Amino acid sequence: MKTVLLLGSNSDVGQACAATFAKNGADIILASRTAADFQSRLAADIAIRYDVKTETVSFDALAYDSHQSFYDDLPTKPDVVISVFGILGDQDLATKDFAEAQKIIDTNFTGQVSILNIVANDMEAKGAGTIICVSSVAGERGRKSNYFYGAAKAALTAFLSGLRARLAMSNVQAITVIPGFINTKMIQGLETPKLLTATSQQVANGIWKAYRKKKNTVYVLPIWRWIMLIIKSIPEFIFKKMNL
Amino acid sequence: MDKVTNWGLYPTVEAEVFQSSDYKELSEFVATQDHIIPRGNGRCYGDSSLQKKICSTLSLNKFLHFDTERGILKCESGVLLSEVLEVIVPKGFFLPVTPGTKFVTMGGAVASNIHGKNHHIEGALSLYVTGLDILTETGEIIHCSRSSNADLFVNTIGGMGLTGIILSVSLQLKKIASSYIRQKSIKAKNIHALLDYFESYNDWTYSVAWIDCLSKGDQLGRSILMVGEHAELDELKPSEAGDPLMVHKKNQINVPFTLPSFSLNKYSIKAFNFLYYNKQFKKMADTVIHYNPFFYPLDVLDNWNRIYGKNGFVQYQFVIPFKNGKEGLVKILEKIAEAGAGSFLAVLKTMGEGDRFSAPISFPTSGYTLALDFKANKKTFELLSVLDEMVIDFGGRIYLTKDARMDKKVFEKTYHDPFTHGEKFSSIQSNRLCI
Ligand SMILES: Cc1cc2nc3c(=O)[nH]c(=O)nc-3n(C[C@H](O)[C@H](O)[C@H](O)COP(=O)(O)OP(=O)(O)OC[C@H]3O[C@@H](n4cnc5c(N)ncnc54)[C@H](O)[C@@H]3O)c2cc1C
Ligand SMILES: NC(=O)c1ccc[n+]([C@@H]2O[C@H](COP(=O)([O-])OP(=O)(O)OC[C@H]3O[C@@H](n4cnc5c(N)ncnc54)[C@H](OP(=O)(O)O)[C@@H]3O)[C@@H](O)[C@H]2O)c1
């Protein structure tokens, strides 16, 4: 059976993905930076519910130096990698303190580049595999309220687009997932319109479908594709004055 | 603040609900609170899991260990029995004890020390719990079983959440060959006939009767007794034998709004009469049916509790000892029929002896146990106070997990053994009853 590596498995979306892929028979490697106790309960739960094998490993997106050995030491090399780690960060703080800006960029972009490149090289050599990475609508146009995060996601989306083109020759699929709001701990406390807010399970279902259909880029909640089209087409002189 | 109410939709309280899957967060929360009560899936009928501060266990939803050799399952307390069935049935196991709905949590099942249709043969859940992890009032997590911290263990089973928050439960499961039940249904023309049937079918593992509460006189207690055994492979129809360990289907029909209360009368009576008078339905009928309709006939309707209207309803479940059984049931059924208070169907089961592995406030003890639903209103409460006195006189008691209105005096006269526990965990019910 296929093995799925989840990068950032403590994320709400990651947990839903783990369950969804396991339900379809995949073994799961859970990679996360924290909550060892919770991760091992999660691993037991998935193994028992879906009758698959699970493992937990520790992974820190910011510890770039460790990424190669992290990947080399994996118990099984994955057929599918789903990368869901990320931070929203503190936009206000980032305007005043470069350390925060850097953390946002490094987590959402540099960390992804570092690990996904290692994965890509392995899959390219094998001539098989799927890389699925969650970016965000925030990367489609930089907005006043979260442009550090948005810029990092924009870079990530561009990186994934190039990676997809490179890997296409080697039978490796790279899928960019672009969600709008998801009601997870990342945006806890933020009031978001219900119709525009997906559940983690909806995102996981979208990811599963994209994997099955070998999609390139998918928007979770299709309405976001249209919203972003409109947002992107607003002339800059108006956009500048908007509170988005 | 949230509005919280349980299955009977009565009472409703304003409460602060805390929920986490992180043991450290839970323990810090508990340590800093004055009064809280754990709450599972809110399938108790009244106020057993209501309080100004509630700790919901629904994020504690992980399976932790499944020993398929010995049939022992360990899972967190917020896992629903429906989920447990999905995991264990395909491996040839079943719940040793199950209530009439699969949408209760493991923690709730343990805290109420649930009984099923097999209590007269196989006892309550207490007999099958092999270990518990409990978050106690200091914020400490204590592992307990019959051999370690036995007092805490015993007081927690049937302890109605008053000893702490059960974090995980280890349970000895029952081996089954198929997920089907061989069922026999028997029509009884009145309560006397029914009790005779209960006796003659006493060796069947599962038994339960539906009683029409409106019939009077000669027909008082007109009913259908259903008894069952787990079906062996050679008892299945060819269509079932292909997938003998099939799990229940998940689809439910939604009751989209609270119905005007008069419709209830019509529906339940119609359903009963349909069964009772249906030409196909001989005096006795044998069938093989899936466990889902056998154990959980009402689960196909999501939110059927709304059928009683928005003011909600109460369930009244009592047990009276066998020696007073016939006389007691006749008098109580007469009282109900006479009051015309709107309970149309009652469920009767028998229970065997209570056990030493559950709290003094745990319900099961030997006798007949009858459960009835009533709309929550003044007339009902007046009738139930009369029934309370009858239950006391017949030496019985009332099931706390169904209760929303019992008087402290009634509780004191019916539950005798002292129950010691700390102050921190308390519900509106335990305050009302001074437990
Ligand atoms: C349709 C229907 C049929 C039923 N049939 C039966 C039956 O046949 N036999 C039977 O015995 N019962 C039956 N019940 C009652 C039901 O099984 C119990 O009320 C059960 O406790 C509900 O579990 P819950 O998870 O919904 O818990 P809740 O209703 O939320 O809580 C019930 C009690 O358990 C405590 N509790 C919950 N979780 C924990 C925890 N983790 N740690 C400590 N305490 C906790 C609460 O404090 C409260 O006292 C039935 C209920 C319904 C709605
Ligand atoms: N929520 C939304 O509205 C939304 C919208 C669009 C896109 N997204 C994207 O969706 C993905 C999933 O997020 P989510 O909504 O599920 O939020 P989440 O629950 O907060 O998940 C993000 C995860 O990233 C992990 N993480 C952060 N820094 C890390 C590091 N240095 N190394 C390893 N892991 C790290 C976090 O670990 P800890 O749990 O240990 O903190 C967390 O589990 C993210 O890429 C996010 O940007 C979210």
# chains A, B, ... in the order shown; residues from 1 in each chain; ligands from 1

$ closest_atom_pairs --of "chain B" --to "ligand 1" --cutoff "6 Å" --atoms "only C-alpha atoms and all ligand atoms" --output "tab-separated table"
residue	atom	partner	partner_atom_place_in_ligand_line	distance
B:Trp7	CA	ligand 1	53 (C)	5.7
B:Ile37	CA	ligand 1	47 (O)	5.3
B:Pro38	CA	ligand 1	47 (O)	4.4
B:Arg39	CA	ligand 1	30 (O)	3.8
B:Gly40	CA	ligand 1	30 (O)	3.5
B:Asn41	CA	ligand 1	26 (O)	3.5
B:Gly42	CA	ligand 1	29 (O)	3.4
B:Arg43	CA	ligand 1	26 (O)	3.4
B:Cys44	CA	ligand 1	19 (O)	3.2
B:Ser48	CA	ligand 1	49 (O)	4.2
B:Ser49	CA	ligand 1	48 (C)	4.0
B:Thr57	CA	ligand 1	41 (N)	5.7
B:Ser77	CA	ligand 1	41 (N)	4.8
B:Pro99	CA	ligand 1	8 (O)	3.5
B:Gly100	CA	ligand 1	5 (N)	3.6
B:Thr101	CA	ligand 1	3 (C)	4.7
B:Val104	CA	ligand 1	25 (O)	3.9
B:Thr105	CA	ligand 1	25 (O)	3.6
B:Gly107	CA	ligand 1	41 (N)	3.9
B:Gly108	CA	ligand 1	37 (C)	3.5
B:Ala109	CA	ligand 1	21 (O)	4.5
B:Ala111	CA	ligand 1	34 (O)	4.5
B:Ser112	CA	ligand 1	21 (O)	4.6
B:Ile114	CA	ligand 1	11 (O)	3.2
B:His115	CA	ligand 1	11 (O)	4.2
B:Gly116	CA	ligand 1	8 (O)	4.9
B:Met160	CA	ligand 1	49 (O)	3.6
B:Gly161	CA	ligand 1	44 (N)	3.3
B:Gly164	CA	ligand 1	43 (C)	5.7
B:Ile165	CA	ligand 1	42 (N)	3.8
B:Ile166	CA	ligand 1	42 (N)	3.6
B:Leu167	CA	ligand 1	41 (N)	5.8
B:Thr401	CA	ligand 1	19 (O)	4.8

$ residues_around --residues "Glu55 in chain A" --least-positions-apart "2" --cutoff "10 Å" --atoms "only C-alpha atoms" --output "ChimeraX atom specification"
/A:5,27-31,39-40,42-44,47,53,57,74-76

$ residues_around --residues "Asn10 in chain A" --least-positions-apart "5" --cutoff "9 Å" --atoms "only C-alpha atoms" --output "PyMOL selection string"
chain A and resi 15+30-35+38-39+85

$ residues_around --residues "Gly150 in chain A" --least-positions-apart "2" --cutoff "9 Å" --atoms "only C-alpha atoms" --output "PDB file with N, CA and C atoms, in the first residue's frame"
ATOM      1  N   SER A 136      -2.133  29.416  -0.110  1.00  0.00           N
ATOM      2  CA  SER A 136      -3.286  30.167   0.391  1.00  0.00           C
ATOM      3  C   SER A 136      -3.726  31.231  -0.607  1.00  0.00           C
ATOM      4  N   VAL A 137      -5.006  31.592  -0.533  1.00  0.00           N
ATOM      5  CA  VAL A 137      -5.475  32.715  -1.363  1.00  0.00           C
ATOM      6  C   VAL A 137      -4.753  34.003  -0.981  1.00  0.00           C
ATOM      7  N   ALA A 138      -4.195  34.022   0.221  1.00  0.00           N
ATOM      8  CA  ALA A 138      -3.476  35.219   0.666  1.00  0.00           C
ATOM      9  C   ALA A 138      -2.285  35.510  -0.246  1.00  0.00           C
ATOM     10  N   GLY A 139      -1.825  34.473  -0.962  1.00  0.00           N
ATOM     11  CA  GLY A 139      -0.682  34.658  -1.848  1.00  0.00           C
ATOM     12  C   GLY A 139      -1.049  35.183  -3.231  1.00  0.00           C
ATOM     13  N   GLU A 140      -2.326  35.425  -3.472  1.00  0.00           N
ATOM     14  CA  GLU A 140      -2.746  35.833  -4.820  1.00  0.00           C
ATOM     15  C   GLU A 140      -2.633  37.342  -5.015  1.00  0.00           C
ATOM     16  N   ARG A 141      -2.776  38.085  -3.961  1.00  0.00           N
ATOM     17  CA  ARG A 141      -2.535  39.525  -4.015  1.00  0.00           C
ATOM     18  C   ARG A 141      -2.229  39.988  -2.601  1.00  0.00           C
ATOM     19  N   GLY A 142      -1.176  40.731  -2.452  1.00  0.00           N
ATOM     20  CA  GLY A 142      -0.788  41.184  -1.115  1.00  0.00           C
ATOM     21  C   GLY A 142      -1.806  42.161  -0.553  1.00  0.00           C
ATOM     22  N   ARG A 143      -2.320  41.817   0.603  1.00  0.00           N
ATOM     23  CA  ARG A 143      -3.321  42.694   1.212  1.00  0.00           C
ATOM     24  C   ARG A 143      -2.782  43.305   2.501  1.00  0.00           C
ATOM     25  N   ASN A 146      -2.458  41.152   5.860  1.00  0.00           N
ATOM     26  CA  ASN A 146      -1.578  40.004   6.118  1.00  0.00           C
ATOM     27  C   ASN A 146      -0.553  39.794   4.993  1.00  0.00           C
ATOM     28  N   TYR A 147       0.133  40.873   4.609  1.00  0.00           N
ATOM     29  CA  TYR A 147       0.975  40.727   3.423  1.00  0.00           C
ATOM     30  C   TYR A 147       2.312  40.049   3.677  1.00  0.00           C
ATOM     31  N   PHE A 148       2.751  39.935   4.914  1.00  0.00           N
ATOM     32  CA  PHE A 148       3.977  39.140   5.158  1.00  0.00           C
ATOM     33  C   PHE A 148       3.663  37.668   4.878  1.00  0.00           C
ATOM     34  N   ALA A 152       4.860  35.347   1.551  1.00  0.00           N
ATOM     35  CA  ALA A 152       5.496  34.034   1.677  1.00  0.00           C
ATOM     36  C   ALA A 152       4.692  32.984   0.901  1.00  0.00           C
ATOM     37  N   LYS A 153       3.357  33.074   0.994  1.00  0.00           N
ATOM     38  CA  LYS A 153       2.515  32.110   0.282  1.00  0.00           C
ATOM     39  C   LYS A 153       2.599  32.343  -1.232  1.00  0.00           C
ATOM     40  N   ALA A 154       2.732  33.610  -1.643  1.00  0.00           N
ATOM     41  CA  ALA A 154       2.881  33.904  -3.072  1.00  0.00           C
ATOM     42  C   ALA A 154       4.151  33.250  -3.595  1.00  0.00           C
ATOM     43  N   ALA A 155       5.211  33.392  -2.824  1.00  0.00           N
ATOM     44  CA  ALA A 155       6.481  32.770  -3.212  1.00  0.00           C
ATOM     45  C   ALA A 155       6.325  31.256  -3.262  1.00  0.00           C
TER      46      ALA A 155
END

$ select_by_dssp --residues "range 76-216 of chain A" --states "strand (DSSP E)" --output "ChimeraX atom specification"
/A:80-83,129-134,172-179,181-182,197-198

$ closest_residue --among "A:Thr217, A:Ser200, A:Gln102, A:Gln91" --to "ligand 2" --atoms "only C-alpha atoms and all ligand atoms"
A:Ser200

$ residues_near_ligand --ligand "ligand 2" --cutoff "8 Å" --atoms "only C-alpha atoms and all ligand atoms" --output "ChimeraX atom specification"
/A:7-14,31-35,59-63,83-88,107-108,111,133-138,153,178-187,197,200

$ interface_residues --of "chain B" --to "chain A" --cutoff "8 Å" --atoms "only C-alpha atoms" --output "number ranges by chain"
B: 21-22, 62-66, 86-87

$ select_by_dssp --residues "range 16-103 of chain A" --states "alpha helix (DSSP H)" --output "number ranges by chain"
A: 16-23, 36-50, 67-72, 91-96, 98-103

$ atom_distance --atom1 "CA of Lys187 in chain B" --atom2 "CA of Leu225 in chain B"
6.4 Å

$ residues_around --residues "Val13 in chain B" --least-positions-apart "4" --cutoff "9 Å" --atoms "only C-alpha atoms" --output "PyMOL selection string"
chain B and resi 2-5+50-52
